[in-house]
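Contents: one structure, followed by commentary.
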Amino acid sequence: MIKEGDLIFLYKDEHRNFLIKLQGGRLHTDYGYIELKDLVGKDYGEKIETNLKHAFFILRPNLHEMVMKVKRKTQILYPKDIGIILTRANIYPGARVLECGGGSGALTTALANFVRPTGKVYSYDRNPEFSENAKKNVEKYGLGEWVEFKLGEITDKFEETDLDFVMIDIGSQWDLIDAAYHALKGGARLASICPTFEQLTRTVFTLEEKGFIDIETVEVQVRRILVRRGKTRPEQHMPCHTGWLVFATKIVRYPAPEVPAVAENVQAAIPDDAAEETVQRDQDPAGL
């Protein structure tokens, strides 16, 4: 039974749907208005009519709607990208995760939903306006106690260590890979989103240099289908490129093995005719 303060999803159709927190007042639509106090005591799935007798249905909001309806101050990560991040990042109840570049709080919302009841999300952003907006979004959804918002620009080190996952969503991802490495548990995962090829290649090459393996880059695309009698077809418009997602796993870095002293004399030990053959093969690998 719905009570004051609950989060509800009022749905009429694809274009007329509202995610609201029941705190009194009136919801105005182009089909009339709804007195929100009239929803208290009803059950999810019931309908309620506007003053003009148009029906809306009272639904329980899902994570997709919560992510898409955050109040935006920045571009957000879409559910299509968040879904694959959650499955590849090993997010579980009790996990401690960090995101750098919290934006409007879309990914923050999803992470907080999955780490509760005993986990924690540490959300860093250098912009106070973005951070405050993200905090309001998360608190509206009742997830505030699982998120710690931190204002500031990280250059070399995060305050947290022994983390299960780190997400980097800034313009120069490679700058924070060292910091992420030291903050993560061994065998834990890192992810980043790169909108351009230049960012992608530099990020991947830096990950290779800094002690990460199992590096994978993917692009996720979702295309909806219009199902109609006699004329079912794909939608013509779709959210296409949002960014390339990069995933990597931390391993323990070991000192580079020392090169044996005899290696310096290897070339001298090669007979002159063999050395000449090697040079020729390097210049003409096909042997032509």
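Going by the structure tokens order, chains are called A, B, ..., each with residues numbered from 1, while ligands are numbered from 1 in the order shown.
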
### Message
Excluding Ile168 (chain A) and its own-chain neighbours fewer than 4 positions away, which residues fall within 9 Å of it when counting only C-alpha atoms? Please give them as a list in words.
### Response
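Neighbouring residues, sequence-local ones excluded: Leu98, Glu99, Cys100, Gly101, Gln173, Leu176, Ile177, Ala180, Leu190, Ala191, Ser192 and Ile193 of chain A.
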
### Message
Neighbouring residues of Lys185 (chain A) were defined as those with any atom within 9 Å, considering only C-alpha atoms; residues of the same chain fewer than 4 positions away were excluded. Please report them as a ChimeraX atom specification.
### Response
/A:161-165,181,189,250-251

Export, as an mmCIF file, in the first residue's frame, the selected residues with N, CA, C and O atoms.
```cif
data_model
loop_
_atom_site.group_PDB
_atom_site.id
_atom_site.type_symbol
_atom_site.label_atom_id
_atom_site.label_comp_id
_atom_site.auth_asym_id
_atom_site.auth_seq_id
_atom_site.Cartn_x
_atom_site.Cartn_y
_atom_site.Cartn_z
ATOM 1 N N THR A 161 41.138 2.990 -0.077
ATOM 2 C CA THR A 161 41.936 1.857 -0.554
ATOM 3 C C THR A 161 41.110 0.583 -0.412
ATOM 4 O O THR A 161 40.020 0.597 0.164
ATOM 5 N N ASP A 162 41.630 -0.507 -0.936
ATOM 6 C CA ASP A 162 40.987 -1.811 -0.817
ATOM 7 C C ASP A 162 39.581 -1.802 -1.428
ATOM 8 O O ASP A 162 38.646 -2.384 -0.884
ATOM 9 N N LEU A 163 39.457 -1.132 -2.581
ATOM 10 C CA LEU A 163 38.168 -0.997 -3.239
ATOM 11 C C LEU A 163 37.888 -2.176 -4.166
ATOM 12 O O LEU A 163 38.800 -2.824 -4.685
ATOM 13 N N ASP A 164 36.595 -2.427 -4.391
ATOM 14 C CA ASP A 164 36.178 -3.514 -5.274
ATOM 15 C C ASP A 164 36.024 -3.072 -6.726
ATOM 16 O O ASP A 164 36.029 -3.907 -7.629
ATOM 17 N N PHE A 165 35.863 -1.772 -6.947
ATOM 18 C CA PHE A 165 35.645 -1.282 -8.307
ATOM 19 C C PHE A 165 35.903 0.218 -8.351
ATOM 20 O O PHE A 165 35.596 0.944 -7.409
ATOM 21 N N TYR A 181 44.827 2.258 -9.551
ATOM 22 C CA TYR A 181 45.573 1.021 -9.279
ATOM 23 C C TYR A 181 45.837 0.874 -7.776
ATOM 24 O O TYR A 181 45.619 -0.191 -7.189
ATOM 25 N N ARG A 189 38.253 -4.734 -10.466
ATOM 26 C CA ARG A 189 38.010 -4.217 -11.809
ATOM 27 C C ARG A 189 37.983 -2.699 -11.853
ATOM 28 O O ARG A 189 37.581 -2.023 -10.904
ATOM 29 N N LYS A 250 43.024 -5.369 -12.221
ATOM 30 C CA LYS A 250 44.305 -5.100 -11.574
ATOM 31 C C LYS A 250 45.013 -6.400 -11.221
ATOM 32 O O LYS A 250 44.415 -7.319 -10.670
ATOM 33 N N ILE A 251 46.307 -6.460 -11.519
ATOM 34 C CA ILE A 251 47.160 -7.531 -11.019
ATOM 35 C C ILE A 251 48.287 -6.907 -10.215
ATOM 36 O O ILE A 251 48.545 -5.698 -10.316
#
```

### Task
Rounded to one decimal place, report the CA of Ile213 (chain A)-CA of Ile85 (chain A) distance in Å.
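That distance, rounded to one decimal, is 16.9 Å.
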
### Message
Can you pull out every residue from region 37-265 of chain A that DSSP, working from the backbone, puts in strand (DSSP E or B), and format the result as a PyMOL selection string?
### Response
chain A and resi 47-49+55-59+96-100+120-125+147-151+163-168+184-194+212-218+225-226+233-234+244-250

### Task
From the DSSP assignment of the backbone, select every residue of region 2-197 of chain A that is helix (DSSP H, G or I), and format the answer as a PyMOL selection string.
chain A and resi 36-39+63-68+79-88+106-115+128-140+144-146+173-183+197

### Message
I want to know what sits within 10 Å of region 130-136 of chain A, based on only C-alpha atoms, with residues of the same chain fewer than 3 positions away left out; could you give that as number ranges by chain?
### Response
A: 70-74, 101-109, 123-127, 139-144, 147-152

### Message
Which residue is closest to Val220 (chain A)? Choose from A:Pro128, A:Gly41, A:Pro79, A:Gly186 and count only C-alpha atoms.
### Response
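Of A:Pro128, A:Gly41, A:Pro79, A:Gly186, the one nearest Val220 (chain A), counting only C-alpha atoms, is A:Pro79.
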
### Close residues, Phe18 (chain A) itself excluded, 8 Å, only C-alpha atoms, min 5 positions apart in chain, as a ChimeraX atom specification
/A:9-11

### Message
Give me, as number ranges by chain, all polymer residues having an atom no more than 9 Å from region 202-207 of chain A, counting only C-alpha atoms and skipping those fewer than 6 positions away in the same chain.
### Response
A: 172-175, 177-178, 192, 194, 213, 215-217, 246, 248

Write out, as an mmCIF file, in the first residue's frame, the residues just selected, with N, CA, C and O atoms.
```cif
data_model
loop_
_atom_site.group_PDB
_atom_site.id
_atom_site.type_symbol
_atom_site.label_atom_id
_atom_site.label_comp_id
_atom_site.auth_asym_id
_atom_site.auth_seq_id
_atom_site.Cartn_x
_atom_site.Cartn_y
_atom_site.Cartn_z
ATOM 1 N N SER A 172 40.435 13.135 -19.186
ATOM 2 C CA SER A 172 41.790 12.576 -19.306
ATOM 3 C C SER A 172 41.900 11.368 -18.385
ATOM 4 O O SER A 172 42.551 11.417 -17.339
ATOM 5 N N GLN A 173 41.272 10.275 -18.789
ATOM 6 C CA GLN A 173 41.176 9.082 -17.953
ATOM 7 C C GLN A 173 42.546 8.561 -17.519
ATOM 8 O O GLN A 173 42.713 8.085 -16.392
ATOM 9 N N TRP A 174 43.513 8.651 -18.405
ATOM 10 C CA TRP A 174 44.842 8.100 -18.132
ATOM 11 C C TRP A 174 45.523 8.746 -16.918
ATOM 12 O O TRP A 174 46.379 8.147 -16.293
ATOM 13 N N ASP A 175 45.125 9.984 -16.592
ATOM 14 C CA ASP A 175 45.746 10.677 -15.463
ATOM 15 C C ASP A 175 45.451 9.999 -14.128
ATOM 16 O O ASP A 175 46.185 10.202 -13.148
ATOM 17 N N ILE A 177 44.755 6.558 -13.702
ATOM 18 C CA ILE A 177 44.909 5.102 -13.702
ATOM 19 C C ILE A 177 45.851 4.662 -12.588
ATOM 20 O O ILE A 177 45.611 3.646 -11.916
ATOM 21 N N ASP A 178 46.932 5.403 -12.343
ATOM 22 C CA ASP A 178 47.824 5.081 -11.233
ATOM 23 C C ASP A 178 47.088 5.169 -9.896
ATOM 24 O O ASP A 178 47.220 4.292 -9.030
ATOM 25 N N SER A 192 36.116 2.584 -17.571
ATOM 26 C CA SER A 192 36.136 3.977 -17.999
ATOM 27 C C SER A 192 35.303 4.099 -19.261
ATOM 28 O O SER A 192 35.084 3.102 -19.966
ATOM 29 N N CYS A 194 35.073 6.314 -22.848
ATOM 30 C CA CYS A 194 35.872 7.184 -23.715
ATOM 31 C C CYS A 194 35.047 7.589 -24.938
ATOM 32 O O CYS A 194 34.739 6.736 -25.782
ATOM 33 N N ILE A 213 45.356 -6.185 -16.655
ATOM 34 C CA ILE A 213 45.208 -7.181 -17.709
ATOM 35 C C ILE A 213 43.728 -7.347 -18.023
ATOM 36 O O ILE A 213 42.891 -6.636 -17.468
ATOM 37 N N ILE A 215 42.057 -6.533 -20.542
ATOM 38 C CA ILE A 215 41.551 -5.238 -21.009
ATOM 39 C C ILE A 215 40.619 -5.456 -22.184
ATOM 40 O O ILE A 215 40.979 -6.100 -23.174
ATOM 41 N N GLU A 216 39.417 -4.922 -22.065
ATOM 42 C CA GLU A 216 38.396 -5.122 -23.093
ATOM 43 C C GLU A 216 37.716 -3.790 -23.395
ATOM 44 O O GLU A 216 37.410 -3.015 -22.492
ATOM 45 N N THR A 217 37.468 -3.544 -24.676
ATOM 46 C CA THR A 217 36.757 -2.341 -25.101
ATOM 47 C C THR A 217 35.496 -2.751 -25.853
ATOM 48 O O THR A 217 35.556 -3.579 -26.768
ATOM 49 N N VAL A 246 35.700 0.797 -21.481
ATOM 50 C CA VAL A 246 36.945 0.051 -21.307
ATOM 51 C C VAL A 246 36.919 -0.609 -19.934
ATOM 52 O O VAL A 246 36.635 0.049 -18.931
ATOM 53 N N ALA A 248 39.133 -3.320 -17.279
ATOM 54 C CA ALA A 248 40.457 -3.887 -17.020
ATOM 55 C C ALA A 248 40.499 -4.423 -15.592
ATOM 56 O O ALA A 248 39.730 -3.999 -14.724
#
```

### Summary
Here CA of Leu200 (chain A) and CA of Glu129 (chain A) stand apart by 27.7 Å

### Atomic distance CA of Pro195 (chain A) - CA of Ile170 (chain A), expressed in Å with one decimal
10.2 Å

### Residue with smallest distance to Ala95 (chain A) - pool A:Lys231, A:Lys120, A:His28, A:Lys80, counting only C-alpha atoms
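Selected residue with least distance to Ala95 (chain A): A:Lys120.
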
#### Entry: Spatial neighbours of Glu159 (chain A), 10 Å, only C-alpha atoms, chain gap at least 3 places, as a PyMOL selection string
chain A and resi 122+154+179+183

What would the file look like if the residues just selected were written as a CSV table (one decimal), in the first residue's frame with C-alpha atoms?
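Full text of part-v4.csv as output:
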```
chain,number,residue,atom,x,y,z
A,122,TYR,CA,32.4,7.2,-3.0
A,154,ILE,CA,42.2,14.1,-7.7
A,179,ALA,CA,45.6,6.4,-8.5
A,183,ALA,CA,43.0,2.2,-4.6
```
